[in-house]
Structures are given as structure tokens and as C-alpha cells.
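Presented below is the structure to which this report refers.
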Amino acid sequence: LQMIFGNLFGGFVEAGIDFDALDFPGPELGTAAESGEVLVNSKKFPDLRVATFAGGCFWGLELAFQRTVGVDYTAVGYTQGKEEQPTYGQVCSGATGHTEAVIVYYDPKTCSYDDLLDTFFSRVNPTTVNGQGNDRGKQYRTGVYFHTVEQEKSARSRFQKEQEQYKRAIATELKPTSPFWPAEKYHQQYLEKGGRSGSSQSAEKGCTDTIRCYG
């Protein structure tokens, strides 16, 4: 596989991601992915539940979840692909099958899964196939990837309600989650840290400032 991607990227093999160098929950997520494990609750903080969403470029969606009351931690990464330890360049090539995604650690005492679905659907056009906004490609497809039967039940009910608002069929995937591979450190909380412009965007809970997707 590395030889294949080496050819795709001009003969250079991208360095792998050092999960242990990431802020929490990166190390925990990396360890779980390497063992093929899907988390339902955080191992470090068992009272926190885990949810996964894909909504086009992961930067803007992550900031939306950072602002959601009851969300304690977020991370961006890659999911729903077969290759292990994918990198950003590999995923962007479209060859790994992954989509850019956000994983959310939330406190069910203050944030329900339905609250997370509210945030998700406020950010996406679910009828768009393989993309959002100006971003196009299978790696930008949208998805709700459930970790539990309860999440699946809530999501299916919400999808039915969302479909009533559109004439076109909803293209957003609704599938069981798969191992979540954390993205490179520079992608994590990218917009809060300043994005491309170097101008930080607020991650304060309840903030309603317009999210500038590329900073």
C-alpha cells in the first residue's frame, strides 16, 4: 500500500501520524483504531459518550460541535475506509474510501444525541452527494455513523423528519461507525487556532458567530 501511495504522491511516502503526540482524545482514539475497536464511551472518562459525524470539510463541523453545550472534547479524522493509518494526502486522493469526520465526546447529562443531530443538520445540506459547499469528492461525503442501537434509533427517526423538508432524496449516509483514525495535529481544532488566515474563531459554548470554513 505504501508503494501505491508513494507513486500517487510523486514517489514520496507520507510520514505516519504520531497519535501519542496529539491532545486528548487523539491518543485514545489512535489506540482504539489500531486494535480495530469502536468506542461507545471514553476509556479515560467513562461518563462521556462518543458520536461520529461527517459533514464535508471537517474543520467547520468540528467548530460547530466545539460550541455545542455538553460536548467536552472533539477530534477530526478519517473513517469508513478500509486502509489503516490513513494520512490527509491519502484520503484526499480518494483512494482509501475514508471520509473526513468529527468525533464528539459528550456528556449525556447535559447534551442528548438529538442535540448533536441538531448541530449536524444545521451545518449540512443532506441531499448533496459527495460534497458540501465548494468541496467535492467522496472524502467529503456526509454521514451519521452510530455507535449504539439507541443512536441508530434516534438518527433514523431524525432522517425521516429531515426527508420531509426536501424533494430530493437524502444522500447523507446512515451507517454503523467504524474505526476512527485521528487526523494530523495541525488539523485538530483548526479554526479555533486561526485557520488559514491566522484569525481565531470562537469555540465558546453557545457562540453563534458565522463559521468561516477556511478561517
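If you're wondering about the labels, chains in the C-alpha cells are A, B, ... by order shown, residues count from 1 in each chain, ligands from 1 in order shown.
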### Query
Within 10 Å of Lys205 in chain A, counting only C-alpha atoms, which residues qualify if same-chain residues fewer than 3 places away don't, as a VMD selection string?
chain A and resid 64 to 71 202 208
### Task
Give me the residues within 12 Å of Thr110 in chain A as an NGL selection string, counting only C-alpha atoms and dropping any in the same chain fewer than 3 places off.
:A and (47-49 or 68-72 or 105-107 or 113-116)
### Message
Just want the 12 Å neighbourhood of Gln201 in chain A, counted on only C-alpha atoms, with same-chain residues fewer than 5 positions away dropped. Output as a PyMOL selection string.
### Response
chain A and resi 59-60+62-64+66-67+189-196+207-215
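Of the listed residues A:Gly30, A:Gly81, A:Pro46, A:Gly55, the one whose atoms come nearest to Thr172 in chain A is A:Gly55, with distances taken using only C-alpha atoms.
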### Task
Just the strand (DSSP E) stuff from range 8-196 of chain A, please, per backbone DSSP, written as a PyMOL selection string.
chain A and resi 49-55+71-79+99-106+131-132+135-136+142-146+173-176+181-182
### Task
Please provide the set of residues having any atom within 9 Å of Cys57 in chain A, restricted to only C-alpha atoms, with same-chain residues fewer than 4 positions apart removed, written as a PyMOL selection string.
chain A and resi 61+100-101+131-132+135+139-140+213
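A straight line drawn from CA of Thr142 in chain A to CA of Lys44 in chain A is 28.5 Å long.
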### DSSP helix (DSSP H, G or I) selection over range 39-193 of chain A, as a ChimeraX atom specification
/A:58-66,88-92,113-123,138-140,149-163,185-187
#### Entry: Within 8 Å of Leu39 in chain A using only C-alpha atoms, minus same-chain residues under 3 positions, as a list in words
Ala32, Ser42, Val50 and His147 of chain A
### Task
Determine the nearest neighbour of Thr31 in chain A from the options A:Glu204, A:Gln188, A:Pro179, A:Lys138, counting only C-alpha atoms.
A:Pro179
### Exercise: Asp118 in chain A partners within 12 Å, only C-alpha atoms, chain neighbours under 5 positions left out, as JSON, numbers by chain
{"A": [53, 64, 65, 68, 69, 111, 112, 113, 123, 124, 144, 154, 155, 158, 159, 161, 162]}
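Here CA of Ser93 in chain A is placed at a distance of 21.4 Å from CA of Ala75 in chain A.
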